[in-house]
>>> print(open('work-v8.cif').read())   # mmCIF, C-alpha atoms
data_target
loop_
_atom_site.label_atom_id
_atom_site.label_comp_id
_atom_site.auth_asym_id
_atom_site.auth_seq_id
_atom_site.Cartn_x
_atom_site.Cartn_y
_atom_site.Cartn_z
CA MET A 1 -18.35 39.90 41.43
CA ALA A 2 -20.06 37.59 43.94
CA PRO A 3 -22.73 40.09 45.08
CA ARG A 4 -23.67 40.65 41.45
CA LEU A 5 -24.30 36.95 40.89
CA CYS A 6 -26.29 36.66 44.11
CA SER A 7 -28.51 39.61 43.26
CA ILE A 8 -29.14 38.35 39.75
CA SER A 9 -29.99 34.85 40.97
CA ALA A 10 -32.34 36.21 43.62
CA ALA A 11 -34.14 38.41 41.09
CA ALA A 12 -34.49 35.52 38.70
CA ARG A 13 -35.88 33.25 41.43
CA ARG A 14 -38.44 35.84 42.50
CA TRP A 15 -39.46 36.48 38.93
CA LEU A 16 -39.79 32.84 37.93
CA GLY A 17 -41.09 31.47 41.22
CA GLY A 18 -43.54 34.19 42.24
CA PRO A 19 -47.29 34.10 41.73
CA GLY A 20 -47.19 36.77 39.06
CA PRO A 21 -45.02 39.30 37.24
CA ARG A 22 -44.45 41.81 40.04
CA ALA A 23 -43.15 45.22 39.10
CA ARG A 24 -39.92 44.97 41.08
CA ASP A 25 -39.18 41.55 39.57
CA LEU A 26 -39.60 42.86 36.06
CA ALA A 27 -37.41 45.82 36.91
CA ALA A 28 -34.68 43.52 38.22
CA ALA A 29 -34.83 41.43 35.07
CA ALA A 30 -34.72 44.55 32.92
CA ARG A 31 -31.64 45.81 34.71
CA PHE A 32 -29.85 42.50 34.06
CA TYR A 33 -30.94 42.21 30.44
CA SER A 34 -29.46 45.39 29.02
CA LYS A 35 -29.92 46.05 25.34
CA ASP A 36 -26.59 44.40 24.63
CA ASN A 37 -27.48 41.33 26.68
CA GLU A 38 -30.91 41.15 25.15
CA SER A 39 -29.59 41.19 21.61
CA SER A 40 -26.91 38.66 22.54
CA TRP A 41 -29.55 36.41 24.08
CA PHE A 42 -31.73 36.76 20.98
CA ARG A 43 -28.81 35.85 18.70
CA SER A 44 -28.06 32.80 20.85
CA LEU A 45 -31.40 31.34 19.81
CA PHE A 46 -29.96 30.83 16.34
CA VAL A 47 -26.67 29.27 17.45
CA HIS A 48 -26.49 25.55 16.70
CA LYS A 49 -27.03 23.58 19.89
CA VAL A 50 -26.47 19.93 20.65
CA ASP A 51 -29.66 17.89 20.92
CA PRO A 52 -29.17 15.63 23.97
CA ARG A 53 -31.70 13.09 22.72
CA LYS A 54 -29.76 12.01 19.63
CA ASP A 55 -26.63 10.35 21.02
CA ALA A 56 -24.37 9.80 24.02
CA HIS A 57 -22.77 12.86 25.59
CA SER A 58 -19.30 11.57 24.75
CA THR A 59 -20.16 11.46 21.04
CA LEU A 60 -21.94 14.80 20.98
CA LEU A 61 -19.43 16.88 22.94
CA SER A 62 -15.98 15.39 22.18
CA LYS A 63 -13.66 16.04 19.26
CA LYS A 64 -14.54 14.03 16.17
CA GLU A 65 -11.23 14.53 14.36
CA THR A 66 -9.16 12.84 17.08
CA SER A 67 -9.54 9.68 19.13
CA ASN A 68 -7.56 10.92 22.11
CA LEU A 69 -8.34 9.63 25.55
CA TYR A 70 -6.95 11.39 28.63
CA LYS A 71 -6.17 10.13 32.10
CA ILE A 72 -5.81 12.48 35.04
CA GLN A 73 -4.19 11.24 38.24
CA PHE A 74 -4.32 12.84 41.68
CA HIS A 75 -1.68 11.58 44.11
CA ASN A 76 -1.77 12.73 47.73
CA VAL A 77 1.81 12.39 48.92
CA LYS A 78 3.13 12.10 52.44
CA PRO A 79 4.47 15.59 53.23
CA GLU A 80 7.94 14.34 54.11
CA CYS A 81 8.14 12.37 50.83
CA LEU A 82 7.15 15.02 48.28
CA ASP A 83 10.68 15.89 47.12
CA THR A 84 11.61 12.21 46.81
CA TYR A 85 8.35 11.51 44.98
CA ASN A 86 9.07 14.31 42.48
CA SER A 87 12.61 13.08 41.85
CA LEU A 88 11.44 9.52 41.27
CA THR A 89 8.65 10.69 38.97
CA GLU A 90 11.00 12.86 36.95
CA ALA A 91 13.39 9.95 36.48
CA VAL A 92 10.83 7.37 35.26
CA LEU A 93 7.84 8.96 33.54
CA PRO A 94 9.73 10.68 30.67
CA LYS A 95 10.94 7.26 29.51
CA LEU A 96 7.35 6.22 28.84
CA HIS A 97 6.64 9.57 27.23
CA LEU A 98 9.56 9.21 24.79
CA ASP A 99 9.21 5.48 24.06
CA GLU A 100 7.38 5.15 20.73
CA ASP A 101 6.33 1.62 21.67
CA TYR A 102 3.97 3.06 24.28
CA PRO A 103 0.94 4.90 22.81
CA CYS A 104 0.86 7.41 25.67
CA SER A 105 2.38 10.84 26.21
CA LEU A 106 2.67 13.29 29.06
CA VAL A 107 0.49 16.37 28.77
CA GLY A 108 1.37 17.95 32.10
CA ASN A 109 2.77 17.22 35.56
CA TRP A 110 2.29 19.50 38.54
CA ASN A 111 2.40 19.96 42.28
CA THR A 112 -0.57 21.74 43.81
CA TRP A 113 0.49 25.12 45.19
CA TYR A 114 -2.87 26.43 46.42
CA GLY A 115 -5.60 23.89 47.08
CA GLU A 116 -5.01 20.42 48.46
CA GLN A 117 -1.43 20.43 49.73
CA ASP A 118 1.32 17.86 49.04
CA GLN A 119 -0.51 16.71 45.94
CA ALA A 120 0.78 15.73 42.51
CA VAL A 121 -1.40 15.93 39.39
CA HIS A 122 -0.53 14.11 36.16
CA LEU A 123 -2.34 14.36 32.83
CA TRP A 124 -1.71 11.71 30.15
CA ARG A 125 -2.88 11.44 26.55
CA PHE A 126 -3.56 8.08 24.87
CA SER A 127 -3.53 8.48 21.11
CA GLY A 128 -5.99 5.92 19.83
CA GLY A 129 -8.54 5.92 22.61
CA TYR A 130 -9.40 2.87 24.68
CA PRO A 131 -7.38 0.39 22.55
CA ALA A 132 -4.28 2.53 23.14
CA LEU A 133 -4.99 2.61 26.87
CA MET A 134 -5.30 -1.17 27.06
CA ASP A 135 -2.18 -1.68 24.91
CA CYS A 136 -0.21 0.57 27.26
CA MET A 137 -1.53 -1.14 30.39
CA ASN A 138 -0.66 -4.60 29.06
CA LYS A 139 2.89 -3.53 28.19
CA LEU A 140 3.42 -1.93 31.59
CA LYS A 141 2.60 -5.24 33.28
CA ASN A 142 5.86 -6.57 31.84
CA ASN A 143 7.94 -3.43 32.38
CA LYS A 144 10.14 -4.30 35.37
CA GLU A 145 11.41 -0.77 35.85
CA TYR A 146 7.88 0.62 35.93
CA LEU A 147 6.68 -2.08 38.33
CA GLU A 148 9.56 -1.27 40.67
CA PHE A 149 8.72 2.43 40.33
CA ARG A 150 5.10 1.79 41.33
CA LYS A 151 6.16 -0.29 44.32
CA GLU A 152 8.52 2.40 45.56
CA ARG A 153 6.00 5.15 44.83
CA SER A 154 3.24 3.40 46.79
CA GLN A 155 5.23 3.80 50.00
CA MET A 156 5.11 7.58 49.58
CA LEU A 157 1.37 7.96 48.98
CA LEU A 158 -1.52 8.60 51.33
CA SER A 159 -4.13 8.10 48.61
CA ARG A 160 -4.58 8.26 44.87
CA ARG A 161 -7.43 8.43 42.36
CA ASN A 162 -7.84 8.86 38.65
CA GLN A 163 -10.38 9.55 35.93
CA LEU A 164 -10.60 8.86 32.20
CA LEU A 165 -11.50 11.99 30.26
CA LEU A 166 -12.52 13.18 26.81
CA GLU A 167 -11.78 16.68 25.56
CA PHE A 168 -14.54 19.12 24.65
CA SER A 169 -14.72 19.76 20.92
CA PHE A 170 -14.68 23.56 21.34
CA TRP A 171 -11.58 23.76 23.58
CA ASN A 172 -7.97 24.08 22.50
CA GLU A 173 -5.83 20.98 22.12
CA PRO A 174 -3.50 20.98 25.18
CA LEU A 175 -0.10 21.47 23.53
CA PRO A 176 3.34 21.97 25.13
CA ARG A 177 4.15 25.56 26.01
CA ALA A 178 7.16 27.41 27.32
CA GLY A 179 7.21 28.85 30.83
CA PRO A 180 7.34 30.01 33.38
CA ASN A 181 3.61 29.73 34.02
CA ILE A 182 1.30 28.80 36.82
CA TYR A 183 -1.69 26.60 36.00
CA GLU A 184 -5.19 26.65 37.36
CA LEU A 185 -7.27 23.48 37.28
CA ARG A 186 -10.91 24.37 37.87
CA THR A 187 -13.02 21.30 38.59
CA TYR A 188 -16.81 21.39 38.37
CA LYS A 189 -19.14 18.68 39.65
CA LEU A 190 -22.31 19.09 37.63
CA LYS A 191 -25.84 18.03 38.35
CA PRO A 192 -26.61 14.78 36.50
CA GLY A 193 -28.22 15.45 33.14
CA THR A 194 -26.71 18.92 32.64
CA MET A 195 -23.55 18.14 30.64
CA ILE A 196 -25.12 19.04 27.28
CA GLU A 197 -26.38 22.37 28.62
CA TRP A 198 -22.93 23.09 30.06
CA GLY A 199 -21.31 22.33 26.70
CA ASN A 200 -23.75 24.46 24.73
CA ASN A 201 -23.06 27.49 26.93
CA TRP A 202 -19.28 27.08 27.01
CA ALA A 203 -19.09 26.53 23.24
CA ARG A 204 -20.14 30.18 22.93
CA ALA A 205 -18.30 31.50 25.98
CA ILE A 206 -14.79 30.10 25.38
CA LYS A 207 -14.07 32.86 22.85
CA TYR A 208 -14.10 35.40 25.70
CA ARG A 209 -11.17 33.63 27.39
CA GLN A 210 -8.68 33.14 24.56
CA GLU A 211 -7.17 36.57 23.93
CA ASN A 212 -4.27 36.00 26.34
CA GLN A 213 -3.81 32.35 25.36
CA GLU A 214 -4.85 31.32 28.86
CA ALA A 215 -7.17 28.49 27.75
CA VAL A 216 -5.15 25.24 27.79
CA GLY A 217 -7.74 22.44 27.71
CA GLY A 218 -11.24 21.40 28.69
CA PHE A 219 -12.26 17.84 29.59
CA PHE A 220 -15.20 15.84 30.93
CA SER A 221 -15.10 12.53 32.76
CA GLN A 222 -15.97 9.19 31.19
CA ILE A 223 -14.84 6.72 33.87
CA GLY A 224 -14.37 7.48 37.54
CA GLU A 225 -16.55 10.10 39.17
CA LEU A 226 -19.05 11.16 36.51
CA TYR A 227 -20.41 14.57 35.51
CA ILE A 228 -17.03 16.11 36.27
CA VAL A 229 -15.60 18.90 34.14
CA HIS A 230 -11.99 20.08 34.26
CA HIS A 231 -10.89 23.42 32.77
CA LEU A 232 -7.14 24.00 32.61
CA TRP A 233 -5.81 27.58 32.38
CA ALA A 234 -2.29 29.04 32.21
CA TYR A 235 -1.17 32.40 33.62
CA LYS A 236 2.16 34.11 34.11
CA ASP A 237 1.42 34.68 37.78
CA LEU A 238 -1.45 35.24 40.19
CA GLN A 239 -1.71 38.94 39.33
CA SER A 240 -2.03 38.08 35.64
CA ARG A 241 -4.75 35.60 36.54
CA GLU A 242 -6.67 38.26 38.43
CA GLU A 243 -6.41 40.78 35.59
CA THR A 244 -7.37 38.26 32.92
CA ARG A 245 -10.41 37.03 34.81
CA ASN A 246 -11.57 40.58 35.57
CA ALA A 247 -11.20 41.52 31.89
CA ALA A 248 -13.62 38.75 30.92
CA TRP A 249 -16.41 40.50 32.84
CA ARG A 250 -16.02 43.56 30.63
CA LYS A 251 -16.84 41.53 27.52
CA ARG A 252 -20.44 41.39 26.43
CA GLY A 253 -21.76 37.86 26.81
CA TRP A 254 -19.43 36.53 29.50
CA ASP A 255 -21.87 37.38 32.29
CA GLU A 256 -24.52 35.44 30.38
CA ASN A 257 -22.38 32.31 30.47
CA VAL A 258 -21.87 32.61 34.22
CA TYR A 259 -25.56 33.29 34.77
CA TYR A 260 -26.66 30.16 32.91
CA THR A 261 -23.94 27.73 34.05
CA VAL A 262 -23.69 28.47 37.78
CA PRO A 263 -27.06 26.77 38.49
CA LEU A 264 -25.72 23.59 36.84
CA VAL A 265 -22.89 23.21 39.37
CA ARG A 266 -23.14 21.17 42.56
CA HIS A 267 -19.56 21.80 43.70
CA MET A 268 -16.47 23.49 42.30
CA GLU A 269 -12.79 23.54 43.18
CA SER A 270 -9.78 25.56 42.07
CA ARG A 271 -6.18 24.35 42.21
CA ILE A 272 -3.18 26.56 41.47
CA MET A 273 -0.39 24.28 40.28
CA ILE A 274 3.35 24.55 39.60
CA PRO A 275 4.79 22.42 36.74
CA LEU A 276 7.38 19.75 37.46
CA LYS A 277 10.62 19.83 35.46
CA ILE A 278 9.40 17.08 33.12
CA SER A 279 6.04 18.70 32.32
CA PRO A 280 5.52 19.62 28.64
CA LEU A 281 3.32 22.41 29.96
CA GLN A 282 5.77 24.78 31.64
#
>>> encode(input="work-v8.cif", output="structure tokens")
Amino acid sequence: MAPRLCSISAAARRWLGGPGPRARDLAAAARFYSKDNESSWFRSLFVHKVDPRKDAHSTLLSKKETSNLYKIQFHNVKPECLDTYNSLTEAVLPKLHLDEDYPCSLVGNWNTWYGEQDQAVHLWRFSGGYPALMDCMNKLKNNKEYLEFRKERSQMLLSRRNQLLLEFSFWNEPLPRAGPNIYELRTYKLKPGTMIEWGNNWARAIKYRQENQEAVGGFFSQIGELYIVHHLWAYKDLQSREETRNAAWRKRGWDENVYYTVPLVRHMESRIMIPLKISPLQ
């Protein structure tokens, strides 16, 4: 897979950056653009694309029919405290999730299995956007049990960070699902100014990754580190992940998405995560 990307990128650079259309460059481009790819590329010219000049990215790319706001939390836990941290989390967080007076709900809770070790990841949904977030925060200031929980939790953490996210309009709504599953959180740090281009490409490409119901949710950051994209996938196991990802390369058009989006990425990271007992995503 990797050598193919490298050879394509090199051919494209030579073709676009050279002084003229050399024969070997044209041959390399011709090999990449097969008849199928060429027709797919031609059809893509007529697909509706977002015009980045008309409005903010958040308005153009997010779901219009909902006003959901998401918060993702990354907690780096002291290794000796991870089990205690999980037990405390599982005792307290579901109470907020089930309390109708709090406009927030758990989407998923995990420990990182492969990636940054001794890490907990939590994804929350605030139904009602920023007003719901502020309402929840104000109520938590007077919740003695939660304040005690935070105080006790702080003694177990090495560091923590969070981001506020919106969901891409073309991704699935992240809904509870039965397990057992493993989850992959793929995080992309994009070059500033490329979010619209990323969205336009993935709006076409997501259809290639939905046959096995692996697509859980797609989000982009609004507050915190900016130009961050998170894609959340579910698989039965690592072998299923490998087979599903390999199958995507056999579908016409998937290689196009990779070809056009890889240059937009400054850094990327993959976490394989195991759900906690309380996670709606099992």
>>> closest_residue(input="work-v8.cif", among="A:Asn76, A:Gln155, A:Asn181, A:Asn143", to="Val92 (chain A)", atoms="all atoms listed in the file")
A:Asn143
>>> resolve_selection(input="work-v8.cif", expression="the PyMOL selection byres ((chain A and resi 138-140) around 12)", output="list in words")
Leu93, Leu96, Asp99, Asp101, Tyr102, Pro103, Cys104, Pro131, Ala132, Leu133, Met134, Asp135, Cys136, Met137, Lys141, Asn142, Asn143, Lys144, Glu145, Tyr146, Leu147, Glu148, Phe149 and Arg150 of chain A
>>> resolve_selection(input="work-v8.cif", expression="the PyMOL selection byres ((chain A and resi 83-89) around 8)", output="PyMOL selection string")
chain A and resi 77+80-82+90-93+149+153+156+276
>>> atom_distance(input="work-v8.cif", atom1="CA of Ser62 (chain A)", atom2="CA of Gln213 (chain A)")
21.1 Å
>>> atom_distance(input="work-v8.cif", atom1="CA of Ile206 (chain A)", atom2="CA of Trp254 (chain A)")
8.9 Å
>>> closest_residue(input="work-v8.cif", among="A:Tyr70, A:Tyr235, A:Trp113, A:Trp202", to="Gly129 (chain A)", atoms="all atoms listed in the file")
A:Tyr70
